[in-house]
file target-v4.pdb (PDB, C-alpha atoms)
ATOM      1  CA  MET A  86      32.929  19.261 -29.761
ATOM      2  CA  SER A  87      32.194  20.845 -33.136
ATOM      3  CA  GLN A  88      30.951  24.422 -33.328
ATOM      4  CA  ALA A  89      27.532  23.230 -34.545
ATOM      5  CA  ARG A  90      27.149  20.767 -31.664
ATOM      6  CA  ALA A  91      28.287  23.394 -29.158
ATOM      7  CA  SER A  92      25.674  25.778 -30.526
ATOM      8  CA  GLN A  93      22.951  23.121 -30.271
ATOM      9  CA  SER A  94      23.969  22.382 -26.682
ATOM     10  CA  ALA A  95      23.838  26.064 -25.774
ATOM     11  CA  ASP A  96      20.400  26.407 -27.366
ATOM     12  CA  LYS A  97      19.160  23.381 -25.430
ATOM     13  CA  ASN A  98      20.488  24.801 -22.163
ATOM     14  CA  GLN A  99      18.826  28.120 -22.865
ATOM     15  CA  GLU A 100      15.507  26.478 -23.719
ATOM     16  CA  ARG A 101      15.613  24.303 -20.608
ATOM     17  CA  TYR A 102      16.520  27.210 -18.330
ATOM     18  CA  LEU A 103      13.762  29.435 -19.709
ATOM     19  CA  ALA A 104      11.231  26.622 -19.231
ATOM     20  CA  VAL A 105      12.290  26.205 -15.603
ATOM     21  CA  TYR A 106      12.123  29.967 -15.050
ATOM     22  CA  ARG A 107       8.584  30.155 -16.450
ATOM     23  CA  TRP A 108       7.385  27.503 -14.010
ATOM     24  CA  MET A 109       9.217  29.193 -11.140
ATOM     25  CA  LEU A 110       7.621  32.506 -12.021
ATOM     26  CA  LEU A 111       4.139  31.082 -12.532
ATOM     27  CA  SER A 112       4.388  29.288  -9.201
ATOM     28  CA  ARG A 113       5.441  32.456  -7.390
ATOM     29  CA  VAL A 114       2.664  34.556  -8.916
ATOM     30  CA  LEU A 115       0.044  31.896  -8.205
ATOM     31  CA  GLU A 116       1.150  31.461  -4.599
ATOM     32  CA  GLU A 117       1.165  35.214  -4.026
ATOM     33  CA  LYS A 118      -2.454  35.211  -5.167
ATOM     34  CA  LEU A 119      -3.328  32.234  -2.961
ATOM     35  CA  SER A 120      -1.751  33.983   0.031
ATOM     36  CA  SER A 121      -3.912  37.019  -0.654
ATOM     37  CA  LEU A 122      -7.054  34.876  -0.951
ATOM     38  CA  TYR A 123      -6.199  33.085   2.296
ATOM     39  CA  ARG A 124      -5.789  36.353   4.178
ATOM     40  CA  GLY A 125      -9.055  37.524   2.689
ATOM     41  CA  GLY A 126     -10.869  34.516   4.113
ATOM     42  CA  LYS A 127     -11.510  32.862   0.733
ATOM     43  CA  ILE A 128      -9.489  29.701   1.427
ATOM     44  CA  THR A 129     -10.308  27.130   4.096
ATOM     45  CA  GLY A 130      -7.400  25.217   5.596
ATOM     46  CA  GLY A 131      -3.712  26.000   5.527
ATOM     47  CA  VAL A 132      -1.707  27.614   2.753
ATOM     48  CA  PHE A 133       1.933  26.563   2.463
ATOM     49  CA  LEU A 134       4.208  28.443   0.084
ATOM     50  CA  GLY A 135       7.302  27.274  -1.781
ATOM     51  CA  ARG A 136       9.000  30.656  -1.801
ATOM     52  CA  GLY A 137      12.730  29.961  -1.994
ATOM     53  CA  GLN A 138      12.322  26.400  -3.246
ATOM     54  CA  GLU A 139      11.004  27.062  -6.754
ATOM     55  CA  ALA A 140      14.248  26.393  -8.636
ATOM     56  CA  LEU A 141      14.651  22.947  -7.085
ATOM     57  CA  SER A 142      11.013  21.985  -7.584
ATOM     58  CA  ALA A 143      10.730  23.268 -11.157
ATOM     59  CA  SER A 144      13.960  21.495 -12.119
ATOM     60  CA  LEU A 145      12.486  18.188 -11.010
ATOM     61  CA  GLY A 146       9.136  18.787 -12.710
ATOM     62  CA  THR A 147      10.817  19.541 -16.034
ATOM     63  CA  ALA A 148      13.152  16.536 -15.757
ATOM     64  CA  LEU A 149      10.217  14.121 -15.535
ATOM     65  CA  ARG A 150       8.052  13.141 -18.479
ATOM     66  CA  LYS A 151       4.651  11.685 -19.240
ATOM     67  CA  GLY A 152       4.315   8.212 -17.714
ATOM     68  CA  ASP A 153       6.618   8.935 -14.768
ATOM     69  CA  ILE A 154       5.536   9.081 -11.122
ATOM     70  CA  PHE A 155       5.718  12.341  -9.203
ATOM     71  CA  ALA A 156       4.809  12.724  -5.533
ATOM     72  CA  PRO A 157       5.169  16.410  -4.618
ATOM     73  CA  LEU A 158       4.914  17.895  -1.151
ATOM     74  CA  ILE A 159       3.607  21.184   0.216
ATOM     75  CA  ARG A 160       6.285  23.443  -1.334
ATOM     76  CA  ASP A 161       6.245  21.953  -4.806
ATOM     77  CA  MET A 162       3.839  24.200  -6.689
ATOM     78  CA  ALA A 163       6.505  24.827  -9.349
ATOM     79  CA  GLY A 164       7.123  21.118  -9.854
ATOM     80  CA  ARG A 165       3.394  20.362  -9.904
ATOM     81  CA  LEU A 166       2.807  22.905 -12.664
ATOM     82  CA  ALA A 167       5.827  21.688 -14.649
ATOM     83  CA  PHE A 168       4.552  18.101 -14.373
ATOM     84  CA  GLY A 169       1.221  19.067 -15.899
ATOM     85  CA  GLU A 170      -1.114  20.402 -13.221
ATOM     86  CA  THR A 171      -3.028  23.366 -14.609
ATOM     87  CA  VAL A 172      -3.323  26.673 -12.808
ATOM     88  CA  LEU A 173      -7.096  26.286 -12.975
ATOM     89  CA  ASN A 174      -7.110  22.872 -11.281
ATOM     90  CA  ALA A 175      -4.718  24.069  -8.583
ATOM     91  CA  THR A 176      -6.904  27.097  -7.923
ATOM     92  CA  ARG A 177     -10.058  24.990  -7.937
ATOM     93  CA  THR A 178      -8.635  22.814  -5.189
ATOM     94  CA  TYR A 179      -7.703  25.753  -2.973
ATOM     95  CA  LEU A 180     -11.102  27.380  -3.457
ATOM     96  CA  GLY A 181     -13.028  24.142  -2.944
ATOM     97  CA  SER A 182     -14.625  23.903  -6.391
ATOM     98  CA  ARG A 183     -16.429  20.637  -7.000
ATOM     99  CA  LEU A 184     -15.191  20.771 -10.609
ATOM    100  CA  GLY A 185     -11.564  20.289  -9.570
ATOM    101  CA  PRO A 186      -9.717  16.950  -9.622
ATOM    102  CA  MET A 187     -10.443  16.356  -5.903
ATOM    103  CA  ARG A 188     -14.078  17.516  -6.220
ATOM    104  CA  GLY A 189     -13.695  20.001  -3.377
ATOM    105  CA  ARG A 190     -12.414  17.452  -0.864
ATOM    106  CA  ASP A 191      -9.239  16.501   0.978
ATOM    107  CA  GLY A 192      -8.080  20.034   1.652
ATOM    108  CA  ASN A 193      -5.981  21.982  -0.809
ATOM    109  CA  ILE A 194      -2.591  20.248  -0.718
ATOM    110  CA  HIS A 195      -3.697  16.608  -0.838
ATOM    111  CA  ARG A 196      -4.414  16.811  -4.527
ATOM    112  CA  GLY A 197      -3.295  14.753  -7.485
ATOM    113  CA  GLU A 198      -4.290  12.597 -10.413
ATOM    114  CA  PRO A 199      -3.037   9.093  -9.562
ATOM    115  CA  ALA A 200      -4.167   7.637 -12.889
ATOM    116  CA  ARG A 201      -1.457   9.640 -14.642
ATOM    117  CA  GLY A 202       1.246   9.170 -12.024
ATOM    118  CA  TYR A 203       0.614  12.428 -10.166
ATOM    119  CA  TYR A 204       0.281  11.162  -6.591
ATOM    120  CA  ALA A 205      -1.875  12.913  -4.024
ATOM    121  CA  MET A 206       0.248  13.925  -1.077
ATOM    122  CA  ILE A 207       0.267  12.129   2.266
ATOM    123  CA  SER A 208       1.061  14.621   5.021
ATOM    124  CA  HIS A 209       3.084  12.234   7.190
ATOM    125  CA  LEU A 210       6.777  12.966   6.766
ATOM    126  CA  GLY A 211       8.652  10.549   4.517
ATOM    127  CA  ALA A 212       5.524   8.655   3.490
ATOM    128  CA  MET A 213       5.770   9.550  -0.181
ATOM    129  CA  VAL A 214       9.186   7.874  -0.483
ATOM    130  CA  SER A 215       7.533   4.574   0.383
ATOM    131  CA  ALA A 216       4.524   5.329  -1.832
ATOM    132  CA  VAL A 217       6.673   6.027  -4.894
ATOM    133  CA  ALA A 218       8.906   3.020  -4.246
ATOM    134  CA  GLY A 219       5.793   0.843  -4.108
ATOM    135  CA  GLY A 220       4.436   2.409  -7.281
ATOM    136  CA  LEU A 221       7.692   1.739  -9.114
ATOM    137  CA  PHE A 222       7.771  -1.859  -7.924
ATOM    138  CA  ALA A 223       4.210  -2.319  -9.182
ATOM    139  CA  ARG A 224       5.206  -0.894 -12.561
ATOM    140  CA  ARG A 225       8.074  -3.390 -12.700
ATOM    141  CA  LEU A 226       5.734  -6.283 -11.982
ATOM    142  CA  ARG A 227       3.563  -5.105 -14.881
ATOM    143  CA  GLY A 228       6.593  -5.141 -17.159
ATOM    144  CA  GLU A 229       6.798  -1.383 -17.630
ATOM    145  CA  THR A 230      10.231   0.061 -18.323
ATOM    146  CA  GLY A 231      11.749   3.510 -18.738
ATOM    147  CA  VAL A 232       9.731   4.925 -15.832
ATOM    148  CA  VAL A 233      11.184   7.202 -13.144
ATOM    149  CA  GLY A 234       9.543   7.942  -9.805
ATOM    150  CA  ALA A 235      10.422  11.061  -7.841
ATOM    151  CA  THR A 236       9.465  12.848  -4.676
ATOM    152  CA  CYS A 237      10.624  15.859  -2.702
ATOM    153  CA  VAL A 238      11.033  15.810   1.075
ATOM    154  CA  GLY A 239      12.374  18.161   3.692
ATOM    155  CA  GLU A 240      15.368  17.347   5.848
ATOM    156  CA  GLY A 241      13.052  16.463   8.724
ATOM    157  CA  ALA A 242      11.569  13.607   6.694
ATOM    158  CA  THR A 243      14.972  11.932   6.401
ATOM    159  CA  SER A 244      14.777  11.002  10.086
ATOM    160  CA  THR A 245      11.535   9.048   9.768
ATOM    161  CA  GLY A 246      10.972   5.320   9.488
ATOM    162  CA  SER A 247       9.029   5.614   6.247
ATOM    163  CA  PHE A 248      11.938   7.410   4.562
ATOM    164  CA  HIS A 249      14.328   4.672   5.684
ATOM    165  CA  GLU A 250      12.054   1.807   4.656
ATOM    166  CA  GLY A 251      11.210   3.302   1.274
ATOM    167  CA  LEU A 252      14.750   4.254   0.312
ATOM    168  CA  ASN A 253      16.184   0.993   1.629
ATOM    169  CA  MET A 254      13.700  -1.019  -0.430
ATOM    170  CA  ALA A 255      14.431   1.075  -3.517
ATOM    171  CA  ALA A 256      18.174   0.570  -3.075
ATOM    172  CA  VAL A 257      17.882  -3.192  -2.628
ATOM    173  CA  GLU A 258      15.562  -3.501  -5.634
ATOM    174  CA  LYS A 259      17.496  -0.890  -7.661
ATOM    175  CA  LEU A 260      14.304   1.008  -8.400
ATOM    176  CA  PRO A 261      14.504   4.171 -10.536
ATOM    177  CA  LEU A 262      13.657   6.432  -7.598
ATOM    178  CA  VAL A 263      14.867  10.020  -7.276
ATOM    179  CA  VAL A 264      14.586  11.590  -3.833
ATOM    180  CA  ILE A 265      15.059  15.346  -3.633
ATOM    181  CA  VAL A 266      15.834  16.598  -0.119
ATOM    182  CA  ALA A 267      15.157  20.300   0.327
ATOM    183  CA  ASN A 268      17.253  21.127   3.379
ATOM    184  CA  ASN A 269      15.563  24.380   4.344
ATOM    185  CA  GLN A 270      17.240  24.346   7.782
ATOM    186  CA  TYR A 271      14.040  23.926   9.807
ATOM    187  CA  ALA A 272      11.620  21.047  10.351
ATOM    188  CA  TYR A 273       8.829  23.504  11.056
ATOM    189  CA  SER A 274      10.687  25.335  13.867
ATOM    190  CA  THR A 275      13.293  22.673  14.771
ATOM    191  CA  VAL A 276      16.813  23.584  13.667
ATOM    192  CA  ASN A 277      19.111  21.120  11.913
ATOM    193  CA  ALA A 278      21.328  20.640  14.964
ATOM    194  CA  ARG A 279      18.360  19.074  16.764
ATOM    195  CA  GLN A 280      17.389  16.885  13.799
ATOM    196  CA  TYR A 281      20.499  14.914  12.841
ATOM    197  CA  ALA A 282      24.095  14.436  13.981
ATOM    198  CA  CYS A 283      25.889  13.661  10.700
ATOM    199  CA  ALA A 284      28.042  16.405   9.232
ATOM    200  CA  ASP A 285      25.924  16.619   6.099
ATOM    201  CA  LEU A 286      22.687  14.957   5.018
ATOM    202  CA  VAL A 287      24.202  13.846   1.722
ATOM    203  CA  GLN A 288      26.288  11.362   3.749
ATOM    204  CA  ARG A 289      23.111   9.401   4.406
ATOM    205  CA  ALA A 290      22.941   8.381   0.746
ATOM    206  CA  ALA A 291      26.099   6.286   1.145
ATOM    207  CA  GLY A 292      24.484   4.358   3.961
ATOM    208  CA  TYR A 293      21.848   3.098   1.518
ATOM    209  CA  GLY A 294      24.378   2.435  -1.224
ATOM    210  CA  VAL A 295      22.944   5.104  -3.530
ATOM    211  CA  PRO A 296      24.625   8.076  -5.226
ATOM    212  CA  GLY A 297      24.283  11.358  -3.357
ATOM    213  CA  TYR A 298      24.533  14.846  -4.829
ATOM    214  CA  LYS A 299      24.998  18.108  -2.923
ATOM    215  CA  ILE A 300      23.854  21.379  -4.493
ATOM    216  CA  ASP A 301      23.068  24.997  -3.720
ATOM    217  CA  GLY A 302      19.277  25.053  -3.907
ATOM    218  CA  THR A 303      19.231  28.809  -4.492
ATOM    219  CA  ASP A 304      21.169  28.400  -7.758
ATOM    220  CA  PRO A 305      18.773  27.475 -10.609
ATOM    221  CA  SER A 306      21.632  26.564 -12.945
ATOM    222  CA  ALA A 307      23.005  24.019 -10.460
ATOM    223  CA  CYS A 308      19.527  22.666  -9.712
ATOM    224  CA  ILE A 309      18.764  22.118 -13.388
ATOM    225  CA  GLU A 310      22.065  20.395 -14.122
ATOM    226  CA  VAL A 311      22.168  18.050 -11.143
ATOM    227  CA  VAL A 312      18.481  17.161 -10.914
ATOM    228  CA  HIS A 313      18.236  16.382 -14.623
ATOM    229  CA  GLU A 314      21.390  14.252 -14.366
ATOM    230  CA  ALA A 315      19.977  12.325 -11.395
ATOM    231  CA  VAL A 316      16.724  11.628 -13.243
ATOM    232  CA  ALA A 317      18.623  10.555 -16.363
ATOM    233  CA  ARG A 318      20.770   8.128 -14.349
ATOM    234  CA  ALA A 319      17.740   6.612 -12.650
ATOM    235  CA  ARG A 320      16.051   6.202 -16.036
ATOM    236  CA  ALA A 321      19.176   4.543 -17.411
ATOM    237  CA  GLY A 322      18.952   1.785 -14.800
ATOM    238  CA  GLU A 323      21.452   3.073 -12.255
ATOM    239  CA  GLY A 324      19.032   2.728  -9.344
ATOM    240  CA  PRO A 325      17.956   5.300  -6.752
ATOM    241  CA  GLN A 326      19.479   8.765  -6.674
ATOM    242  CA  MET A 327      19.419  11.264  -3.821
ATOM    243  CA  VAL A 328      19.911  15.015  -4.191
ATOM    244  CA  VAL A 329      20.350  17.263  -1.154
ATOM    245  CA  ALA A 330      19.854  20.971  -1.775
ATOM    246  CA  ASP A 331      20.697  23.621   0.794
ATOM    247  CA  LEU A 332      18.300  26.556   0.787
ATOM    248  CA  LEU A 333      16.065  28.528   3.096
ATOM    249  CA  ARG A 334      12.326  28.679   3.428
ATOM    250  CA  LEU A 335      11.711  32.391   2.863
ATOM    251  CA  VAL A 336       8.322  32.343   4.575
ATOM    252  CA  GLY A 337       6.780  30.682   7.605
ATOM    253  CA  HIS A 338       5.933  27.004   7.671
ATOM    254  CA  GLY A 339       2.487  28.105   6.549
ATOM    255  CA  GLU A 340       0.744  31.417   6.164
ATOM    256  CA  HIS A 341      -0.374  31.075   9.776
ATOM    257  CA  ASP A 342       3.262  31.073  10.962
ATOM    258  CA  ASP A 343       5.268  34.302  11.403
ATOM    259  CA  PHE A 344       8.552  32.286  11.615
ATOM    260  CA  ASN A 345      10.006  34.587  14.275
ATOM    261  CA  TYR A 346      12.186  31.646  15.307
ATOM    262  CA  MET A 347      14.251  31.884  12.125
ATOM    263  CA  SER A 348      17.825  33.053  12.538
ATOM    264  CA  HIS A 349      18.550  36.468  11.060
ATOM    265  CA  ALA A 350      22.058  35.257  10.213
ATOM    266  CA  LEU A 351      20.537  32.583   7.967
ATOM    267  CA  LYS A 352      18.266  35.098   6.269
ATOM    268  CA  VAL A 353      21.225  37.239   5.197
ATOM    269  CA  SER A 354      23.500  34.288   4.367
ATOM    270  CA  PRO A 355      23.988  32.911   0.808
ATOM    271  CA  ILE A 356      21.323  30.222   1.336
ATOM    272  CA  GLY A 357      18.859  33.015   2.092
ATOM    273  CA  ARG A 358      18.944  34.172  -1.521
ATOM    274  CA  ASP A 359      15.725  34.190  -3.515
ATOM    275  CA  SER A 360      16.184  31.697  -6.370
ATOM    276  CA  LEU A 361      13.872  33.747  -8.590
ATOM    277  CA  ASP A 362      16.169  36.767  -8.261
ATOM    278  CA  VAL A 363      19.193  34.568  -8.945
ATOM    279  CA  ALA A 364      17.508  33.146 -12.044
ATOM    280  CA  ARG A 365      16.735  36.614 -13.360
ATOM    281  CA  ASP A 366      20.373  37.657 -12.928
ATOM    282  CA  GLN A 367      21.661  34.477 -14.573
ATOM    283  CA  LEU A 368      19.324  34.797 -17.552
ATOM    284  CA  THR A 369      20.187  38.432 -18.250
ATOM    285  CA  THR A 370      23.922  37.891 -17.695
ATOM    286  CA  ALA A 371      23.914  34.975 -20.156
ATOM    287  CA  GLY A 372      22.032  37.077 -22.690
ATOM    288  CA  TRP A 373      19.181  34.554 -22.779
ATOM    289  CA  ALA A 374      16.513  37.106 -21.887
ATOM    290  CA  THR A 375      16.201  40.843 -21.375
ATOM    291  CA  PRO A 376      14.650  42.459 -18.286
ATOM    292  CA  ALA A 377      11.745  43.588 -20.462
ATOM    293  CA  GLN A 378      11.115  40.024 -21.649
ATOM    294  CA  LEU A 379      11.162  38.722 -18.088
ATOM    295  CA  ASP A 380       8.753  41.450 -17.003
ATOM    296  CA  ALA A 381       6.434  40.454 -19.841
ATOM    297  CA  MET A 382       6.578  36.842 -18.649
ATOM    298  CA  ARG A 383       5.437  37.968 -15.187
ATOM    299  CA  ASP A 384       2.570  39.946 -16.695
ATOM    300  CA  GLN A 385       1.513  36.879 -18.674
ATOM    301  CA  ALA A 386       1.681  34.698 -15.551
ATOM    302  CA  ALA A 387      -0.392  37.216 -13.593
ATOM    303  CA  ALA A 388      -3.049  37.266 -16.314
ATOM    304  CA  GLU A 389      -3.240  33.461 -16.332
ATOM    305  CA  VAL A 390      -3.587  33.340 -12.553
ATOM    306  CA  GLU A 391      -6.270  36.027 -12.451
ATOM    307  CA  GLU A 392      -8.282  34.252 -15.133
ATOM    308  CA  ALA A 393      -8.087  30.919 -13.281
ATOM    309  CA  CYS A 394      -9.060  32.467  -9.954
ATOM    310  CA  GLY A 395     -11.942  34.335 -11.550
ATOM    311  CA  THR A 396     -13.239  31.059 -12.980
ATOM    312  CA  ALA A 397     -12.736  28.892  -9.876
ATOM    313  CA  ILE A 398     -14.259  31.345  -7.430
ATOM    314  CA  ARG A 399     -17.540  31.321  -9.382
ATOM    315  CA  GLU A 400     -17.785  27.531  -9.540
ATOM    316  CA  PRO A 401     -20.057  25.529  -7.223
ATOM    317  CA  LEU A 402     -18.886  24.014  -3.949
ATOM    318  CA  PRO A 403     -19.747  20.417  -3.013
ATOM    319  CA  ASP A 404     -23.358  20.049  -1.886
ATOM    320  CA  PRO A 405     -23.550  17.740   1.161
ATOM    321  CA  ASN A 406     -27.185  16.973   0.365
ATOM    322  CA  THR A 407     -26.537  15.654  -3.117
ATOM    323  CA  GLU A 408     -22.867  14.566  -3.195
ATOM    324  CA  ASP A 409     -21.854  10.930  -3.305
ATOM    325  CA  TRP A 410     -19.238  11.043  -0.549
ATOM    326  CA  CYS A 411     -17.507   7.852  -1.613
ATOM    327  CA  ALA A 412     -14.018   8.024  -0.128
ATOM    328  CA  ILE A 413     -12.395   6.496  -3.198
ATOM    329  CA  HIS A 414     -11.882   8.833  -6.133
ATOM    330  CA  THR A 415     -12.771   6.300  -8.820
ATOM    331  CA  ARG A 416     -16.387   5.226  -8.394
ATOM    332  CA  ARG A 417     -15.887   1.748  -9.816
ATOM    333  CA  LEU A 418     -13.444   0.996  -7.005
ATOM    334  CA  ALA A 419     -16.005   1.796  -4.318
ATOM    335  CA  GLU A 420     -16.698  -0.849  -1.709
ATOM    336  CA  GLY A 421     -19.062  -3.473  -3.131
ATOM    337  CA  ASN A 422     -18.190  -2.815  -6.761
ATOM    338  CA  GLN A 423     -16.087  -5.192  -8.814
ATOM    339  CA  LEU A 424     -12.656  -4.083  -9.940
TER     340      LEU A 424
END

call {"tool": "encode", "arguments": {"input": "target-v4.pdb", "output": "structure tokens"}}
result
Amino acid sequence: MSQARASQSADKNQERYLAVYRWMLLSRVLEEKLSSLYRGGKITGGVFLGRGQEALSASLGTALRKGDIFAPLIRDMAGRLAFGETVLNATRTYLGSRLGPMRGRDGNIHRGEPARGYYAMISHLGAMVSAVAGGLFARRLRGETGVVGATCVGEGATSTGSFHEGLNMAAVEKLPLVVIVANNQYAYSTVNARQYACADLVQRAAGYGVPGYKIDGTDPSACIEVVHEAVARARAGEGPQMVVADLLRLVGHGEHDDFNYMSHALKVSPIGRDSLDVARDQLTTAGWATPAQLDAMRDQAAAEVEEACGTAIREPLPDPNTEDWCAIHTRRLAEGNQL
């Protein structure tokens, strides 16, 4: 490789890494604020944080592009933001604003914008694998090409029927599906040893005839490299890709959960590292950012979050006396209307 090309490659890696770090940081700051609002009684329903999973989620969000399909789950705030969700719309949903994309309905995690490929989450484990596979098949029938569909699941979801059916269909049809498995060691409070008997979850990929990748989910550099490669291969027509990342959920299942069941040995093990701390060390060691620059990025993220929360908390809630409670988001699709 020539010196000029090597320099361009290094610049691209730096730009990509900094973009991922910004989304990781913004996600962390936003979720810290949402946790505070929840404990202050300002949020109805559960609050589920992605602390420890930001590098994996942000890597996927930045690998996708406009026109793709993304079906995030409860710990994918970083990926949601990277895929185009605004801090204001996320905050509106948590605070129940009727000006948000879900109009103050469906809780705070079942949010999305299906018209642009941002699927609203289904809580049932594994269900989004099937949903994305179906969406990709529909795109194929419409003659659309160059589209990738992706979703993140936990290791618990890999034991469900929907996961099997969706991934099996995608493999048979060679759909451009990317499944990211965040193996955070617990399906709520159930340890891995009680979830599956194979030596490693990545072995399951071979059973479907799809490529499997194993990474350290606490290492942002590894997440960026492997996730972007998997998305690129799916986009190039190589069929489904499955990435298994080992990491640890650094908080309870939700803010209502004190996770006293979590092993202390896991907390102090390498997979208990905070990916945001790792990213900061990697960026400063590479000379891509100074500590002062990273601190300024956090200040900027905090200002953006505070502004969004200040706006959303003043906005009106749905009025049950005046709202049209049509269950379907798009009014023209309501029962009795023509398509």

call {"tool": "closest_residue", "arguments": {"input": "target-v4.pdb", "among": "A:Ala200, A:Leu221, A:Met206, A:Ala307", "to": "Arg160 (chain A)", "atoms": "only C-alpha atoms"}}
result
A:Met206

call {"tool": "residues_around", "arguments": {"input": "target-v4.pdb", "residues": "Ser215 (chain A)", "least_positions_apart": "2", "cutoff": "10 Å", "atoms": "only C-alpha atoms", "output": "PyMOL selection string"}}
result
chain A and resi 211-213+217-221+236+246-255

call {"tool": "write_last_selection", "arguments": {"input": "target-v4.pdb", "atoms": "C-alpha atoms", "output": "mmCIF file, keeping the file's coordinate frame"}}
result
data_model
loop_
_atom_site.group_PDB
_atom_site.id
_atom_site.type_symbol
_atom_site.label_atom_id
_atom_site.label_comp_id
_atom_site.auth_asym_id
_atom_site.auth_seq_id
_atom_site.Cartn_x
_atom_site.Cartn_y
_atom_site.Cartn_z
ATOM 1 C CA GLY A 211 8.652 10.549 4.517
ATOM 2 C CA ALA A 212 5.524 8.655 3.490
ATOM 3 C CA MET A 213 5.770 9.550 -0.181
ATOM 4 C CA VAL A 217 6.673 6.027 -4.894
ATOM 5 C CA ALA A 218 8.906 3.020 -4.246
ATOM 6 C CA GLY A 219 5.793 0.843 -4.108
ATOM 7 C CA GLY A 220 4.436 2.409 -7.281
ATOM 8 C CA LEU A 221 7.692 1.739 -9.114
ATOM 9 C CA THR A 236 9.465 12.848 -4.676
ATOM 10 C CA GLY A 246 10.972 5.320 9.488
ATOM 11 C CA SER A 247 9.029 5.614 6.247
ATOM 12 C CA PHE A 248 11.938 7.410 4.562
ATOM 13 C CA HIS A 249 14.328 4.672 5.684
ATOM 14 C CA GLU A 250 12.054 1.807 4.656
ATOM 15 C CA GLY A 251 11.210 3.302 1.274
ATOM 16 C CA LEU A 252 14.750 4.254 0.312
ATOM 17 C CA ASN A 253 16.184 0.993 1.629
ATOM 18 C CA MET A 254 13.700 -1.019 -0.430
ATOM 19 C CA ALA A 255 14.431 1.075 -3.517
#

call {"tool": "atom_distance", "arguments": {"input": "target-v4.pdb", "atom1": "CA of Ala284 (chain A)", "atom2": "CA of Lys299 (chain A)"}}
result
12.6 Å

call {"tool": "resolve_selection", "arguments": {"input": "target-v4.pdb", "expression": "the PyMOL selection byres ((chain A and resi 361) around 9)", "output": "PDB file with C-alpha atoms, in the frame of the given file"}}
result
ATOM      1  CA  TYR A 106      12.123  29.967 -15.050  1.00  0.00           C
ATOM      2  CA  MET A 109       9.217  29.193 -11.140  1.00  0.00           C
ATOM      3  CA  LEU A 110       7.621  32.506 -12.021  1.00  0.00           C
ATOM      4  CA  ARG A 113       5.441  32.456  -7.390  1.00  0.00           C
ATOM      5  CA  ARG A 136       9.000  30.656  -1.801  1.00  0.00           C
ATOM      6  CA  GLY A 137      12.730  29.961  -1.994  1.00  0.00           C
ATOM      7  CA  GLU A 139      11.004  27.062  -6.754  1.00  0.00           C
ATOM      8  CA  ALA A 140      14.248  26.393  -8.636  1.00  0.00           C
ATOM      9  CA  THR A 303      19.231  28.809  -4.492  1.00  0.00           C
ATOM     10  CA  PRO A 305      18.773  27.475 -10.609  1.00  0.00           C
ATOM     11  CA  ARG A 358      18.944  34.172  -1.521  1.00  0.00           C
ATOM     12  CA  ASP A 359      15.725  34.190  -3.515  1.00  0.00           C
ATOM     13  CA  SER A 360      16.184  31.697  -6.370  1.00  0.00           C
ATOM     14  CA  ASP A 362      16.169  36.767  -8.261  1.00  0.00           C
ATOM     15  CA  VAL A 363      19.193  34.568  -8.945  1.00  0.00           C
ATOM     16  CA  ALA A 364      17.508  33.146 -12.044  1.00  0.00           C
ATOM     17  CA  ARG A 365      16.735  36.614 -13.360  1.00  0.00           C
ATOM     18  CA  ASP A 366      20.373  37.657 -12.928  1.00  0.00           C
TER      19      ASP A 366
END

call {"tool": "closest_residue", "arguments": {"input": "target-v4.pdb", "among": "A:Leu166, A:Val266, A:Leu149, A:Val105", "to": "Ser244 (chain A)", "atoms": "only C-alpha atoms"}}
result
A:Val266

call {"tool": "residues_around", "arguments": {"input": "target-v4.pdb", "residues": "region 339-354 of chain A", "least_positions_apart": "4", "cutoff": "7 Å", "atoms": "all atoms listed in the file", "output": "mmCIF file with C-alpha atoms, keeping the file's coordinate frame"}}
result
data_model
loop_
_atom_site.group_PDB
_atom_site.id
_atom_site.type_symbol
_atom_site.label_atom_id
_atom_site.label_comp_id
_atom_site.auth_asym_id
_atom_site.auth_seq_id
_atom_site.Cartn_x
_atom_site.Cartn_y
_atom_site.Cartn_z
ATOM 1 C CA GLY A 131 -3.712 26.000 5.527
ATOM 2 C CA VAL A 132 -1.707 27.614 2.753
ATOM 3 C CA PHE A 133 1.933 26.563 2.463
ATOM 4 C CA LEU A 134 4.208 28.443 0.084
ATOM 5 C CA SER A 274 10.687 25.335 13.867
#

call {"tool": "residues_around", "arguments": {"input": "target-v4.pdb", "residues": "Glu389 (chain A)", "least_positions_apart": "2", "cutoff": "9 Å", "atoms": "all atoms listed in the file", "output": "PyMOL selection string"}}
result
chain A and resi 111+115+172-173+384-387+391-394

call {"tool": "closest_residue", "arguments": {"input": "target-v4.pdb", "among": "A:Gly202, A:Pro355, A:Gly169, A:Gly302", "to": "Ser142 (chain A)", "atoms": "all atoms listed in the file"}}
result
A:Gly302

call {"tool": "closest_residue", "arguments": {"input": "target-v4.pdb", "among": "A:Gly228, A:Gly372, A:Pro405, A:Pro296", "to": "Asp96 (chain A)", "atoms": "all atoms listed in the file"}}
result
A:Gly372

call {"tool": "closest_residue", "arguments": {"input": "target-v4.pdb", "among": "A:Cys308, A:Ala163, A:Leu158, A:Ala223", "to": "Asn193 (chain A)", "atoms": "only C-alpha atoms"}}
result
A:Leu158

call {"tool": "residues_around", "arguments": {"input": "target-v4.pdb", "residues": "Ile207 (chain A)", "least_positions_apart": "5", "cutoff": "10 Å", "atoms": "all atoms listed in the file", "output": "PyMOL selection string"}}
result
chain A and resi 156-159+194-196+212-213+216

call {"tool": "closest_residue", "arguments": {"input": "target-v4.pdb", "among": "A:Met162, A:Ala381, A:Ile300, A:Ala371", "to": "Asn174 (chain A)", "atoms": "all atoms listed in the file"}}
result
A:Met162
